[in-house]
>>> print(open('start-v8.tsv').read())   # TSV, C-alpha atoms
chain	number	residue	atom	x	y	z
A	21	MET	CA	-88.04	14.43	13.03
A	22	LYS	CA	-88.39	15.03	9.31
A	23	ILE	CA	-87.53	11.39	8.51
A	24	ASN	CA	-89.99	10.16	11.12
A	25	SER	CA	-92.68	12.40	9.64
A	26	LEU	CA	-92.06	10.99	6.16
A	27	VAL	CA	-92.22	7.45	7.52
A	28	LEU	CA	-95.46	8.26	9.33
A	29	LEU	CA	-96.91	9.83	6.17
A	30	ALA	CA	-95.98	6.79	4.07
A	31	THR	CA	-97.45	4.44	6.67
A	32	CYS	CA	-100.72	6.39	6.71
A	33	ALA	CA	-100.86	6.41	2.91
A	34	LEU	CA	-100.31	2.64	2.79
A	35	ALA	CA	-103.02	2.11	5.40
A	36	LEU	CA	-105.38	4.26	3.34
A	37	VAL	CA	-104.67	2.23	0.20
A	38	ASN	CA	-105.23	-1.04	2.06
A	39	SER	CA	-108.45	0.34	3.52
A	40	CYS	CA	-109.72	1.29	0.07
A	41	LEU	CA	-108.90	-2.17	-1.27
A	42	ALA	CA	-110.56	-3.85	1.69
A	43	ASP	CA	-113.72	-1.81	1.23
A	44	GLY	CA	-113.82	-2.39	-2.53
A	45	VAL	CA	-116.71	-3.31	-4.79
A	46	TYR	CA	-116.17	-5.83	-7.57
A	47	TYR	CA	-118.31	-7.20	-10.41
A	48	ILE	CA	-118.80	-10.65	-11.93
A	49	ARG	CA	-120.47	-11.39	-15.28
A	50	PRO	CA	-119.84	-14.68	-17.14
A	51	ASP	CA	-119.70	-13.16	-20.65
A	52	ALA	CA	-117.75	-10.01	-19.77
A	53	GLY	CA	-114.94	-8.74	-22.00
A	54	GLY	CA	-112.47	-5.96	-21.29
A	55	THR	CA	-109.74	-6.34	-18.71
A	56	LYS	CA	-111.68	-8.84	-16.55
A	57	ASP	CA	-110.37	-7.19	-13.38
A	58	GLY	CA	-113.80	-6.76	-11.76
A	59	SER	CA	-113.62	-2.97	-11.78
A	60	ASP	CA	-117.01	-2.42	-13.47
A	61	TRP	CA	-119.58	-4.29	-15.56
A	62	ASN	CA	-117.61	-3.88	-18.80
A	63	ASN	CA	-114.46	-5.25	-17.20
A	64	ALA	CA	-116.08	-7.73	-14.82
A	65	TYR	CA	-114.60	-10.99	-13.63
A	66	THR	CA	-116.14	-13.88	-15.52
A	67	ALA	CA	-116.27	-16.02	-12.34
A	68	LEU	CA	-115.89	-15.52	-8.63
A	69	PRO	CA	-112.16	-14.93	-8.12
A	70	LYS	CA	-110.11	-17.31	-6.03
A	71	ALA	CA	-108.52	-14.46	-4.04
A	72	MET	CA	-111.29	-12.31	-2.61
A	73	GLN	CA	-110.74	-9.18	-0.54
A	74	ARG	CA	-111.99	-8.96	3.04
A	75	GLY	CA	-114.43	-6.12	3.67
A	76	SER	CA	-115.51	-6.09	0.01
A	77	THR	CA	-118.74	-6.67	-1.88
A	78	TYR	CA	-118.93	-8.77	-5.05
A	79	TYR	CA	-121.94	-8.14	-7.28
A	80	ILE	CA	-122.80	-11.06	-9.52
A	81	ALA	CA	-124.91	-10.94	-12.70
A	82	ASP	CA	-127.28	-13.54	-14.14
A	83	GLY	CA	-125.75	-16.62	-15.66
A	84	SER	CA	-124.29	-20.06	-15.02
A	85	TYR	CA	-121.13	-20.34	-12.94
A	86	SER	CA	-118.77	-23.09	-11.83
A	87	LYS	CA	-118.70	-24.73	-8.45
A	88	HIS	CA	-116.88	-22.47	-6.01
A	89	SER	CA	-115.09	-22.64	-2.66
A	90	PHE	CA	-114.90	-19.54	-0.47
A	91	ASP	CA	-111.33	-19.67	0.86
A	92	ALA	CA	-110.31	-16.09	1.69
A	93	PRO	CA	-108.45	-16.06	5.04
A	94	GLU	CA	-110.20	-14.32	7.92
A	95	ALA	CA	-109.09	-10.81	8.88
A	96	SER	CA	-110.53	-9.92	12.29
A	97	ALA	CA	-114.31	-9.83	11.72
A	98	GLN	CA	-114.23	-8.42	8.19
A	99	THR	CA	-117.03	-9.89	6.10
A	100	ILE	CA	-117.06	-10.59	2.39
A	101	THR	CA	-120.47	-10.14	0.75
A	102	VAL	CA	-121.46	-11.88	-2.47
A	103	ARG	CA	-124.68	-10.24	-3.66
A	104	LYS	CA	-126.85	-10.92	-6.69
A	105	ALA	CA	-127.04	-7.79	-8.81
A	106	THR	CA	-130.46	-6.34	-9.59
A	107	ASP	CA	-131.51	-3.26	-11.52
A	108	ALA	CA	-132.24	-1.57	-8.21
A	109	ASP	CA	-128.95	-2.57	-6.58
A	110	HIS	CA	-125.92	-3.25	-8.77
A	111	GLY	CA	-123.16	-0.88	-7.67
A	112	THR	CA	-121.72	1.13	-10.51
A	113	ASP	CA	-123.75	2.01	-13.61
A	114	GLU	CA	-120.63	1.72	-15.75
A	115	GLY	CA	-121.42	-0.98	-18.33
A	116	TRP	CA	-124.61	-2.05	-16.56
A	117	ALA	CA	-127.62	-3.40	-18.48
A	118	PRO	CA	-130.95	-4.32	-16.82
A	119	ALA	CA	-130.78	-7.75	-18.48
A	120	TYR	CA	-127.85	-8.60	-16.22
A	121	GLY	CA	-130.10	-8.56	-13.17
A	122	ASP	CA	-133.55	-9.82	-14.14
A	123	GLY	CA	-132.81	-13.55	-13.79
A	124	VAL	CA	-130.72	-15.82	-11.58
A	125	ALA	CA	-127.09	-16.66	-11.02
A	126	GLU	CA	-126.76	-20.44	-10.79
A	127	PHE	CA	-124.06	-22.60	-9.18
A	128	PRO	CA	-123.66	-26.41	-9.04
A	129	GLY	CA	-122.51	-26.21	-5.42
A	130	LEU	CA	-120.76	-23.89	-2.95
A	131	THR	CA	-118.34	-24.62	-0.11
A	132	PHE	CA	-117.34	-22.32	2.74
A	133	ASN	CA	-113.80	-23.03	3.96
A	134	THR	CA	-113.39	-19.86	6.04
A	135	ASP	CA	-115.59	-17.65	8.24
A	136	TRP	CA	-117.41	-14.31	7.95
A	137	TRP	CA	-119.35	-14.46	4.70
A	138	ILE	CA	-122.70	-13.14	3.47
A	139	LEU	CA	-124.28	-14.83	0.47
A	140	ASP	CA	-127.22	-12.67	-0.59
A	141	GLY	CA	-129.55	-13.57	-3.46
A	142	ALA	CA	-131.30	-10.18	-3.10
A	143	GLY	CA	-134.95	-9.35	-3.42
A	144	ARG	CA	-136.70	-12.29	-1.77
A	145	LYS	CA	-138.83	-11.01	1.08
A	146	HIS	CA	-141.65	-13.60	1.10
A	147	PRO	CA	-141.46	-17.41	1.22
A	148	ASP	CA	-143.31	-17.84	-2.08
A	149	SER	CA	-141.27	-15.36	-4.17
A	150	GLY	CA	-138.14	-16.04	-6.23
A	151	CYS	CA	-134.44	-15.88	-5.39
A	152	GLY	CA	-131.59	-14.27	-7.30
A	153	LEU	CA	-129.08	-17.04	-6.49
A	154	ARG	CA	-129.81	-20.66	-7.29
A	155	ILE	CA	-127.77	-23.69	-6.27
A	156	THR	CA	-128.54	-27.04	-7.82
A	157	ASN	CA	-126.66	-30.24	-8.57
A	158	MET	CA	-128.19	-33.34	-10.11
A	159	VAL	CA	-125.31	-35.63	-9.11
A	160	ASP	CA	-126.36	-38.43	-6.77
A	161	LEU	CA	-124.99	-38.03	-3.21
A	162	SER	CA	-124.27	-34.34	-3.75
A	163	THR	CA	-124.40	-31.47	-1.26
A	164	LEU	CA	-125.55	-28.03	-2.36
A	165	VAL	CA	-123.89	-25.92	0.35
A	166	THR	CA	-121.07	-27.32	2.50
A	167	LEU	CA	-119.76	-25.70	5.67
A	168	GLU	CA	-116.33	-27.30	5.73
A	169	GLY	CA	-114.69	-27.51	9.15
A	170	LYS	CA	-115.76	-25.51	12.20
A	171	ARG	CA	-117.31	-22.62	10.29
A	172	SER	CA	-118.86	-19.55	11.92
A	173	HIS	CA	-120.54	-16.24	11.11
A	174	ILE	CA	-122.00	-17.19	7.75
A	175	THR	CA	-125.27	-15.75	6.46
A	176	ILE	CA	-127.14	-17.32	3.54
A	177	ARG	CA	-130.01	-15.11	2.43
A	178	CYS	CA	-132.52	-15.18	-0.44
A	179	VAL	CA	-130.99	-18.28	-2.03
A	180	GLU	CA	-132.82	-21.14	-3.78
A	181	LEU	CA	-131.49	-24.63	-3.15
A	182	ALA	CA	-133.10	-26.90	-5.72
A	183	GLY	CA	-132.84	-30.66	-5.68
A	184	ASP	CA	-134.17	-33.28	-8.05
A	185	ALA	CA	-137.83	-32.69	-8.94
A	186	ALA	CA	-138.22	-36.44	-9.51
A	187	LEU	CA	-136.82	-37.08	-6.00
A	188	GLU	CA	-134.51	-39.80	-7.27
A	189	LYS	CA	-131.04	-38.27	-6.67
A	190	ARG	CA	-129.89	-38.22	-3.03
A	191	ILE	CA	-129.11	-34.57	-2.34
A	192	THR	CA	-128.44	-32.67	0.90
A	193	GLY	CA	-129.18	-28.96	1.22
A	194	ILE	CA	-126.93	-27.24	3.80
A	195	TYR	CA	-124.36	-29.51	5.45
A	196	GLY	CA	-122.34	-28.46	8.50
A	197	VAL	CA	-121.24	-31.38	10.67
A	198	GLN	CA	-118.00	-30.18	12.30
A	199	GLY	CA	-119.37	-27.80	14.92
A	200	PRO	CA	-120.55	-24.72	12.98
A	201	SER	CA	-121.71	-21.69	14.93
A	202	HIS	CA	-123.51	-18.40	14.28
A	203	ILE	CA	-125.04	-19.55	11.02
A	204	GLU	CA	-128.04	-17.60	9.71
A	205	ILE	CA	-130.30	-18.86	6.91
A	206	GLN	CA	-132.96	-16.36	5.90
A	207	HIS	CA	-135.63	-16.00	3.19
A	208	CYS	CA	-134.43	-19.08	1.32
A	209	HIS	CA	-136.37	-21.54	-0.84
A	210	ILE	CA	-135.20	-25.14	-0.39
A	211	HIS	CA	-137.09	-27.84	-2.24
A	212	ASP	CA	-137.26	-31.29	-3.84
A	213	LEU	CA	-134.63	-33.11	-1.81
A	214	PHE	CA	-134.29	-36.86	-1.47
A	215	GLY	CA	-132.24	-36.00	1.58
A	216	VAL	CA	-132.05	-33.54	4.48
A	217	PRO	CA	-132.50	-29.81	3.80
A	218	PHE	CA	-130.40	-28.96	6.90
A	219	HIS	CA	-127.85	-31.25	8.54
A	220	PHE	CA	-125.94	-29.95	11.58
A	221	ILE	CA	-123.76	-31.71	14.15
A	222	ASP	CA	-122.41	-30.10	17.36
A	223	ALA	CA	-123.70	-26.75	16.14
A	224	THR	CA	-124.39	-23.64	18.23
A	225	ASN	CA	-126.38	-20.50	17.51
A	226	ILE	CA	-128.17	-21.58	14.33
A	227	LEU	CA	-130.98	-19.38	12.98
A	228	ILE	CA	-133.39	-20.50	10.23
A	229	GLU	CA	-136.13	-17.97	9.48
A	230	PHE	CA	-138.62	-16.88	6.80
A	231	CYS	CA	-137.79	-19.81	4.53
A	232	LEU	CA	-139.94	-22.11	2.41
A	233	ILE	CA	-138.85	-25.74	2.65
A	234	ALA	CA	-140.88	-28.05	0.44
A	235	ARG	CA	-141.00	-31.68	-0.68
A	236	THR	CA	-138.57	-34.17	0.76
A	237	LYS	CA	-138.37	-37.91	0.28
A	238	SER	CA	-137.41	-40.50	2.85
A	239	THR	CA	-137.03	-44.28	2.57
A	240	ALA	CA	-135.99	-47.03	4.98
A	241	GLU	CA	-132.58	-47.15	3.27
A	242	TRP	CA	-132.13	-43.36	3.05
A	243	HIS	CA	-133.92	-41.88	6.04
A	244	THR	CA	-134.28	-38.11	6.25
A	245	ALA	CA	-135.90	-35.22	8.13
A	246	GLY	CA	-136.42	-31.50	7.65
A	247	ILE	CA	-133.63	-30.56	10.06
A	248	GLN	CA	-131.23	-33.19	11.35
A	249	ALA	CA	-129.67	-31.50	14.39
A	250	ARG	CA	-127.28	-33.69	16.34
A	251	GLY	CA	-125.98	-32.28	19.60
A	252	CYS	CA	-127.12	-28.75	18.72
A	253	THR	CA	-127.40	-25.86	21.18
A	254	ALA	CA	-129.27	-22.59	20.65
A	255	LEU	CA	-131.25	-23.58	17.54
A	256	THR	CA	-133.91	-21.06	16.49
A	257	VAL	CA	-136.40	-22.01	13.78
A	258	ARG	CA	-139.05	-19.35	13.21
A	259	TYR	CA	-141.55	-18.06	10.66
A	260	ASN	CA	-140.82	-20.76	8.08
A	261	LYS	CA	-143.24	-22.74	5.94
A	262	TRP	CA	-142.64	-26.50	5.78
A	263	GLU	CA	-144.53	-28.39	3.05
A	264	ASP	CA	-144.59	-32.16	2.47
A	265	ILE	CA	-141.68	-33.07	4.73
A	266	ASN	CA	-141.18	-36.81	5.22
A	267	GLY	CA	-138.93	-38.89	7.46
A	268	THR	CA	-138.16	-39.14	11.18
A	269	ALA	CA	-139.48	-35.68	12.10
A	270	VAL	CA	-139.58	-32.22	10.65
A	271	ILE	CA	-137.04	-31.03	13.24
A	272	VAL	CA	-135.22	-33.84	15.01
A	273	SER	CA	-132.46	-34.08	17.59
A	274	GLY	CA	-130.24	-37.03	16.73
A	275	SER	CA	-127.22	-38.43	18.53
A	276	GLY	CA	-125.54	-35.89	20.82
A	277	ASN	CA	-127.16	-33.87	23.60
A	278	SER	CA	-129.24	-30.87	22.46
A	279	SER	CA	-130.61	-27.86	24.33
A	280	ARG	CA	-132.06	-24.36	24.04
A	281	TRP	CA	-134.31	-24.80	21.03
A	282	ASN	CA	-136.92	-22.23	20.06
A	283	VAL	CA	-139.42	-23.24	17.35
A	284	HIS	CA	-141.90	-20.43	16.78
A	285	GLY	CA	-144.35	-19.15	14.19
A	286	ASN	CA	-143.84	-21.92	11.61
A	287	ILE	CA	-146.45	-23.48	9.32
A	288	PHE	CA	-146.12	-27.26	8.99
A	289	LEU	CA	-148.27	-28.30	6.03
A	290	ARG	CA	-148.91	-31.94	5.06
A	291	GLY	CA	-146.13	-34.54	5.10
A	292	ASN	CA	-145.56	-37.83	6.89
A	293	VAL	CA	-143.10	-38.19	9.77
A	294	GLY	CA	-142.80	-40.81	12.47
A	295	HIS	CA	-141.81	-38.95	15.65
A	296	GLY	CA	-143.55	-35.60	15.16
A	297	MET	CA	-143.03	-31.99	14.14
A	298	VAL	CA	-140.28	-31.45	16.74
A	299	ALA	CA	-138.78	-34.53	18.39
A	300	ASP	CA	-135.72	-36.55	19.21
A	301	ASN	CA	-134.87	-39.94	17.73
A	302	ASP	CA	-134.43	-41.71	21.09
A	303	TRP	CA	-130.63	-41.51	21.11
A	304	ASP	CA	-129.31	-38.77	23.42
A	305	THR	CA	-130.83	-36.11	25.65
A	306	ILE	CA	-132.67	-32.90	24.87
A	307	GLU	CA	-133.79	-30.11	27.20
A	308	ASP	CA	-134.97	-26.50	27.32
A	309	VAL	CA	-137.20	-26.50	24.22
A	310	LEU	CA	-139.97	-23.98	23.49
A	311	VAL	CA	-142.44	-24.78	20.69
A	312	SER	CA	-145.00	-21.98	20.38
A	313	GLY	CA	-147.24	-20.20	17.93
A	314	ASN	CA	-146.95	-22.82	15.18
A	315	ILE	CA	-149.64	-24.09	12.79
A	316	ILE	CA	-149.78	-27.80	11.90
A	317	VAL	CA	-152.16	-28.87	9.11
A	318	GLY	CA	-152.89	-32.05	7.16
A	319	HIS	CA	-150.18	-34.42	8.38
A	320	ARG	CA	-150.69	-38.13	7.79
A	321	GLY	CA	-147.96	-39.33	10.12
A	322	ASN	CA	-147.39	-38.26	13.71
A	323	ALA	CA	-148.07	-34.54	13.96
A	324	GLY	CA	-147.20	-34.40	17.67
A	325	MET	CA	-144.12	-33.56	19.74
A	326	ASN	CA	-142.16	-36.47	21.19
A	327	PHE	CA	-139.03	-36.24	23.32
A	328	PHE	CA	-138.06	-39.74	24.39
A	329	LYS	CA	-134.84	-38.63	26.13
A	330	SER	CA	-136.17	-35.39	27.61
A	331	LYS	CA	-134.24	-33.88	30.52
A	332	GLY	CA	-137.00	-31.36	31.18
A	333	ARG	CA	-138.15	-27.83	30.38
A	334	ILE	CA	-139.97	-28.91	27.21
A	335	THR	CA	-142.79	-26.39	26.68
A	336	ILE	CA	-145.49	-26.78	24.00
A	337	VAL	CA	-147.93	-23.83	24.06
A	338	ASP	CA	-150.17	-21.71	21.79
A	339	ASN	CA	-149.99	-23.97	18.73
A	340	VAL	CA	-152.87	-24.78	16.34
A	341	TRP	CA	-153.46	-28.28	14.92
A	342	TYR	CA	-156.03	-28.97	12.20
A	343	ASP	CA	-156.88	-32.09	10.18
A	344	ASN	CA	-154.03	-34.28	11.40
A	345	SER	CA	-154.27	-38.06	11.44
A	346	TRP	CA	-152.31	-38.70	14.64
A	347	ILE	CA	-151.04	-36.52	17.50
A	348	SER	CA	-149.04	-37.76	20.48
A	349	PHE	CA	-146.91	-36.00	23.06
A	350	SER	CA	-144.19	-37.52	25.22
A	351	GLY	CA	-141.45	-36.08	27.41
A	352	VAL	CA	-143.26	-32.72	27.53
A	353	THR	CA	-142.95	-30.67	30.72
A	354	THR	CA	-145.61	-28.04	29.99
A	355	GLN	CA	-148.46	-28.39	27.48
A	356	ASP	CA	-151.21	-25.77	27.44
A	357	TYR	CA	-153.39	-23.43	25.41
A	358	ASN	CA	-152.99	-25.42	22.20
A	359	HIS	CA	-155.97	-25.68	19.84
A	360	PHE	CA	-156.94	-28.96	18.13
A	361	SER	CA	-159.58	-29.43	15.43
A	362	ASN	CA	-160.40	-32.53	13.36
A	363	CYS	CA	-157.52	-34.50	14.90
A	364	LYS	CA	-156.98	-38.01	16.22
A	365	PHE	CA	-155.20	-38.85	19.48
A	366	PRO	CA	-153.97	-42.14	20.93
A	367	PHE	CA	-155.64	-43.19	24.17
A	368	ALA	CA	-152.39	-42.44	26.01
A	369	PHE	CA	-152.57	-38.73	25.11
A	370	GLN	CA	-155.29	-36.44	26.39
A	371	PRO	CA	-155.42	-32.75	25.47
A	372	ALA	CA	-156.34	-30.44	28.31
A	373	SER	CA	-160.09	-30.03	28.64
A	374	HIS	CA	-159.91	-26.35	27.71
A	375	GLU	CA	-157.75	-27.12	24.65
A	376	THR	CA	-160.32	-29.31	22.91
A	377	PRO	CA	-163.15	-31.66	23.85
A	378	VAL	CA	-162.65	-35.24	22.63
A	379	ARG	CA	-164.83	-38.28	22.00
A	380	ARG	CA	-163.68	-41.83	22.54
A	381	GLY	CA	-163.57	-44.05	19.47
A	382	GLU	CA	-162.80	-47.70	19.08
A	383	ASP	CA	-159.14	-47.12	18.22
A	384	ALA	CA	-158.34	-43.64	19.60
A	385	ASN	CA	-159.75	-40.35	20.85
A	386	TYR	CA	-161.04	-37.80	18.35
A	387	SER	CA	-161.49	-34.05	18.69
A	388	ILE	CA	-165.16	-33.11	18.68
A	389	VAL	CA	-164.41	-29.79	16.98
A	390	LYS	CA	-164.12	-30.39	13.23
A	391	THR	CA	-164.18	-26.98	11.57
A	392	SER	CA	-161.16	-25.24	10.09
A	393	PRO	CA	-159.86	-22.46	12.35
A	394	PHE	CA	-158.43	-20.50	9.42
A	395	SER	CA	-159.82	-17.57	7.46
A	396	ASP	CA	-159.37	-19.20	4.03
A	397	LEU	CA	-157.31	-22.38	4.01
A	398	ALA	CA	-158.05	-23.07	0.32
A	399	LYS	CA	-156.27	-19.84	-0.61
A	400	GLY	CA	-153.41	-20.40	1.80
A	401	ASP	CA	-154.63	-17.85	4.33
A	402	PHE	CA	-153.63	-19.26	7.73
A	403	SER	CA	-154.83	-16.32	9.76
A	404	LEU	CA	-157.34	-17.44	12.38
A	405	SER	CA	-161.01	-16.89	11.68
A	406	ARG	CA	-163.13	-14.80	14.01
A	407	ASP	CA	-164.87	-17.90	15.40
A	408	ALA	CA	-161.53	-19.61	16.06
A	409	LEU	CA	-160.12	-16.54	17.77
A	410	GLN	CA	-163.17	-16.36	20.01
A	411	ALA	CA	-162.90	-20.06	20.84
A	412	ILE	CA	-159.18	-19.87	21.58
A	413	THR	CA	-159.66	-16.73	23.67
A	414	HIS	CA	-162.34	-18.56	25.62
A	415	GLU	CA	-160.01	-21.54	26.10
A	416	LYS	CA	-157.41	-19.27	27.69
A	417	LYS	CA	-159.82	-17.79	30.26
>>> encode(input="start-v8.tsv", output="structure tokens")
Amino acid sequence: MKINSLVLLATCALALVNSCLADGVYYIRPDAGGTKDGSDWNNAYTALPKAMQRGSTYYIADGSYSKHSFDAPEASAQTITVRKATDADHGTDEGWAPAYGDGVAEFPGLTFNTDWWILDGAGRKHPDSGCGLRITNMVDLSTLVTLEGKRSHITIRCVELAGDAALEKRITGIYGVQGPSHIEIQHCHIHDLFGVPFHFIDATNILIEFCLIARTKSTAEWHTAGIQARGCTALTVRYNKWEDINGTAVIVSGSGNSSRWNVHGNIFLRGNVGHGMVADNDWDTIEDVLVSGNIIVGHRGNAGMNFFKSKGRITIVDNVWYDNSWISFSGVTTQDYNHFSNCKFPFAFQPASHETPVRRGEDANYSIVKTSPFSDLAKGDFSLSRDALQAITHEKK
């Protein structure tokens, strides 16, 4: 009995040690001295370590870092968190200086080779504010974040993905084409890509929310979109701002059958796409799509919703269009209670009479209502004006 008790005691002690290691907090600073074992800010790692502990948090200071692959083997559902350090949230005070957290930590690319990760740039709670983590790579045909293999349970939050401001280098934002699942992208700023900000194939349970995605380039030789989603199921895109997106569509279903999409509360501002804000590219089927509560302003391509291979249950309701050069719908099951102002429609498309009155022109129909429905569009205030609210309320009666 005594031997068994000692064995039990040793086993419990070992489990406690392993638990403490698994729940550890480590620190990374590129110019750190000391032991470089990550134990505090004086002795921080100078780069993200190759062997990272499951269940741990890694605080990272300002500075430039090397390209990194996240390879730590999974252990049940234990997550590893990599978080940008700030003066308000930096773990230990040992060796800390506010200058370590008032800028950005920059990488030339990140790859996820295993599951259960949180990448948190910290602090960004509004689409127009900054991010603590920045990923950029000026190499042509580069990818900023790669989900290698069938990745799952990865959260990317408050991260800036910056392409080429000149829009000459072909750069992809987040690339997961081998069946990723349970991927969450939140409060990110993704901009200046001669390429696709999001490219998913055979993906399930993808969430993109509260992000600002701005300025993409598309050509006949290098065709792009805002989201290229091929054969994707359970895609939720909500409360994002999309500015100057060019290509096939802002959100497009490519080859592979797609279903269960929810596109809600987004602002689609300017840009030029061929098939519409949400669409397919006439390859494979799509069904069970809800597009609601979105605002579409100033598009010079097709600002509509077109599902050429629709299998049904495509619902387009409660959206607001203003100052768009062309709007067409196809493959839509239910269209109602949308509001159109200063828009042009092909003869084949007729908004419901309570959605907007139209006049017939020589080349198309035009909405009779011309005024902006927003409180202060010049200042970026997209809340609906009192007159617009009254008109829309009347339309719904």
>>> residues_around(input="start-v8.tsv", residues="Asp304 in chain A", least_positions_apart="2", cutoff="10 Å", atoms="all atoms listed in the file", output="JSON, numbers by chain")
{"A": [250, 251, 273, 274, 275, 276, 277, 278, 300, 301, 302, 306, 328, 329, 330, 331]}
>>> closest_residue(input="start-v8.tsv", among="A:Ile388, A:Val352, A:Leu232, A:Ile203", to="Phe365 in chain A", atoms="only C-alpha atoms")
A:Ile388
>>> closest_residue(input="start-v8.tsv", among="A:Leu397, A:Ile174, A:Cys208, A:Leu213", to="Gly193 in chain A", atoms="all atoms listed in the file")
A:Leu213
>>> residues_around(input="start-v8.tsv", residues="Lys261 in chain A", least_positions_apart="3", cutoff="10 Å", atoms="only C-alpha atoms", output="list in words")
Pro147, Asp148, His209, Glu229, Phe230, Cys231, Leu232, Ile233, Ala234, Arg258, Gly285, Asn286, Ile287, Phe288, Leu289, Asn314 and Ile315 of chain A
>>> write_last_selection(input="start-v8.tsv", atoms="C-alpha atoms", output="mmCIF file, in the coordinates of the input")
data_model
loop_
_atom_site.group_PDB
_atom_site.id
_atom_site.type_symbol
_atom_site.label_atom_id
_atom_site.label_comp_id
_atom_site.auth_asym_id
_atom_site.auth_seq_id
_atom_site.Cartn_x
_atom_site.Cartn_y
_atom_site.Cartn_z
ATOM 1 C CA PRO A 147 -141.460 -17.410 1.220
ATOM 2 C CA ASP A 148 -143.310 -17.840 -2.080
ATOM 3 C CA HIS A 209 -136.370 -21.540 -0.840
ATOM 4 C CA GLU A 229 -136.130 -17.970 9.480
ATOM 5 C CA PHE A 230 -138.620 -16.880 6.800
ATOM 6 C CA CYS A 231 -137.790 -19.810 4.530
ATOM 7 C CA LEU A 232 -139.940 -22.110 2.410
ATOM 8 C CA ILE A 233 -138.850 -25.740 2.650
ATOM 9 C CA ALA A 234 -140.880 -28.050 0.440
ATOM 10 C CA ARG A 258 -139.050 -19.350 13.210
ATOM 11 C CA GLY A 285 -144.350 -19.150 14.190
ATOM 12 C CA ASN A 286 -143.840 -21.920 11.610
ATOM 13 C CA ILE A 287 -146.450 -23.480 9.320
ATOM 14 C CA PHE A 288 -146.120 -27.260 8.990
ATOM 15 C CA LEU A 289 -148.270 -28.300 6.030
ATOM 16 C CA ASN A 314 -146.950 -22.820 15.180
ATOM 17 C CA ILE A 315 -149.640 -24.090 12.790
#
>>> atom_distance(input="start-v8.tsv", atom1="CA of Gln73 in chain A", atom2="CA of Pro128 in chain A")
23.2 Å
>>> residues_near_point(input="start-v8.tsv", point="(-164.0, -27.0, 12.6)", cutoff="9 Å", atoms="all atoms listed in the file", output="list in words")
Tyr342, Ser361, Asn362, Ile388, Val389, Lys390, Thr391, Ser392, Pro393 and Ala408 of chain A
>>> atom_distance(input="start-v8.tsv", atom1="CA of Ala223 in chain A", atom2="CA of Val257 in chain A")
13.8 Å
>>> residues_near_point(input="start-v8.tsv", point="(-117.4, -11.1, -9.5)", cutoff="10 Å", atoms="all atoms listed in the file", output="list in words")
Val45, Tyr46, Tyr47, Ile48, Arg49, Pro50, Lys56, Asp57, Gly58, Ser59, Asp60, Trp61, Ala64, Tyr65, Thr66, Ala67, Leu68, Pro69, Met72, Thr77, Tyr78, Tyr79, Ile80, Ala81, Val102, Arg103 and Lys104 of chain A
>>> closest_residue(input="start-v8.tsv", among="A:Gln206, A:Thr156, A:Thr244, A:Asn344", to="Ser86 in chain A", atoms="all atoms listed in the file")
A:Thr156
>>> atom_distance(input="start-v8.tsv", atom1="CA of Asn157 in chain A", atom2="CA of Gly183 in chain A")
6.8 Å
>>> closest_residue(input="start-v8.tsv", among="A:Arg380, A:His295, A:His243, A:His207", to="Ser350 in chain A", atoms="only C-alpha atoms")
A:His295
>>> closest_residue(input="start-v8.tsv", among="A:Trp346, A:Trp341, A:Trp136, A:Phe367", to="Ser172 in chain A", atoms="all atoms listed in the file")
A:Trp136
>>> axis_aligned_box(input="start-v8.tsv", around="range 218-237 of chain A", padding_each_side="3 Å", output="JSON")
{"center_x": -131.7, "center_y": -27.4, "center_z": 8.8, "size_x": 24.6, "size_y": 27.0, "size_z": 24.9}
>>> closest_residue(input="start-v8.tsv", among="A:Val340, A:Ile226, A:Ile138, A:Val270", to="Cys252 in chain A", atoms="all atoms listed in the file")
A:Ile226
>>> build_atoms(input="start-v8.tsv", residues="range 236-243 of chain A", atoms="N, CA and C atoms", output="PDB file, in the coordinates of the input")
ATOM      1  N   THR A 236    -139.717 -33.293   0.528  1.00  0.00           N
ATOM      2  CA  THR A 236    -138.570 -34.170   0.760  1.00  0.00           C
ATOM      3  C   THR A 236    -139.032 -35.613   0.684  1.00  0.00           C
ATOM      4  N   LYS A 237    -138.086 -36.490   0.383  1.00  0.00           N
ATOM      5  CA  LYS A 237    -138.370 -37.910   0.280  1.00  0.00           C
ATOM      6  C   LYS A 237    -137.525 -38.658   1.300  1.00  0.00           C
ATOM      7  N   SER A 238    -138.128 -39.675   1.886  1.00  0.00           N
ATOM      8  CA  SER A 238    -137.410 -40.500   2.850  1.00  0.00           C
ATOM      9  C   SER A 238    -137.776 -41.965   2.607  1.00  0.00           C
ATOM     10  N   THR A 239    -136.790 -42.845   2.687  1.00  0.00           N
ATOM     11  CA  THR A 239    -137.030 -44.280   2.570  1.00  0.00           C
ATOM     12  C   THR A 239    -136.355 -44.980   3.742  1.00  0.00           C
ATOM     13  N   ALA A 240    -136.624 -46.258   3.905  1.00  0.00           N
ATOM     14  CA  ALA A 240    -135.990 -47.030   4.980  1.00  0.00           C
ATOM     15  C   ALA A 240    -134.477 -47.089   4.797  1.00  0.00           C
ATOM     16  N   GLU A 241    -134.019 -47.088   3.542  1.00  0.00           N
ATOM     17  CA  GLU A 241    -132.580 -47.150   3.270  1.00  0.00           C
ATOM     18  C   GLU A 241    -131.927 -45.781   3.356  1.00  0.00           C
ATOM     19  N   TRP A 242    -132.688 -44.727   3.073  1.00  0.00           N
ATOM     20  CA  TRP A 242    -132.130 -43.360   3.050  1.00  0.00           C
ATOM     21  C   TRP A 242    -133.100 -42.480   3.826  1.00  0.00           C
ATOM     22  N   HIS A 243    -132.956 -42.532   5.161  1.00  0.00           N
ATOM     23  CA  HIS A 243    -133.920 -41.880   6.040  1.00  0.00           C
ATOM     24  C   HIS A 243    -133.551 -40.408   6.210  1.00  0.00           C
TER      25      HIS A 243
END
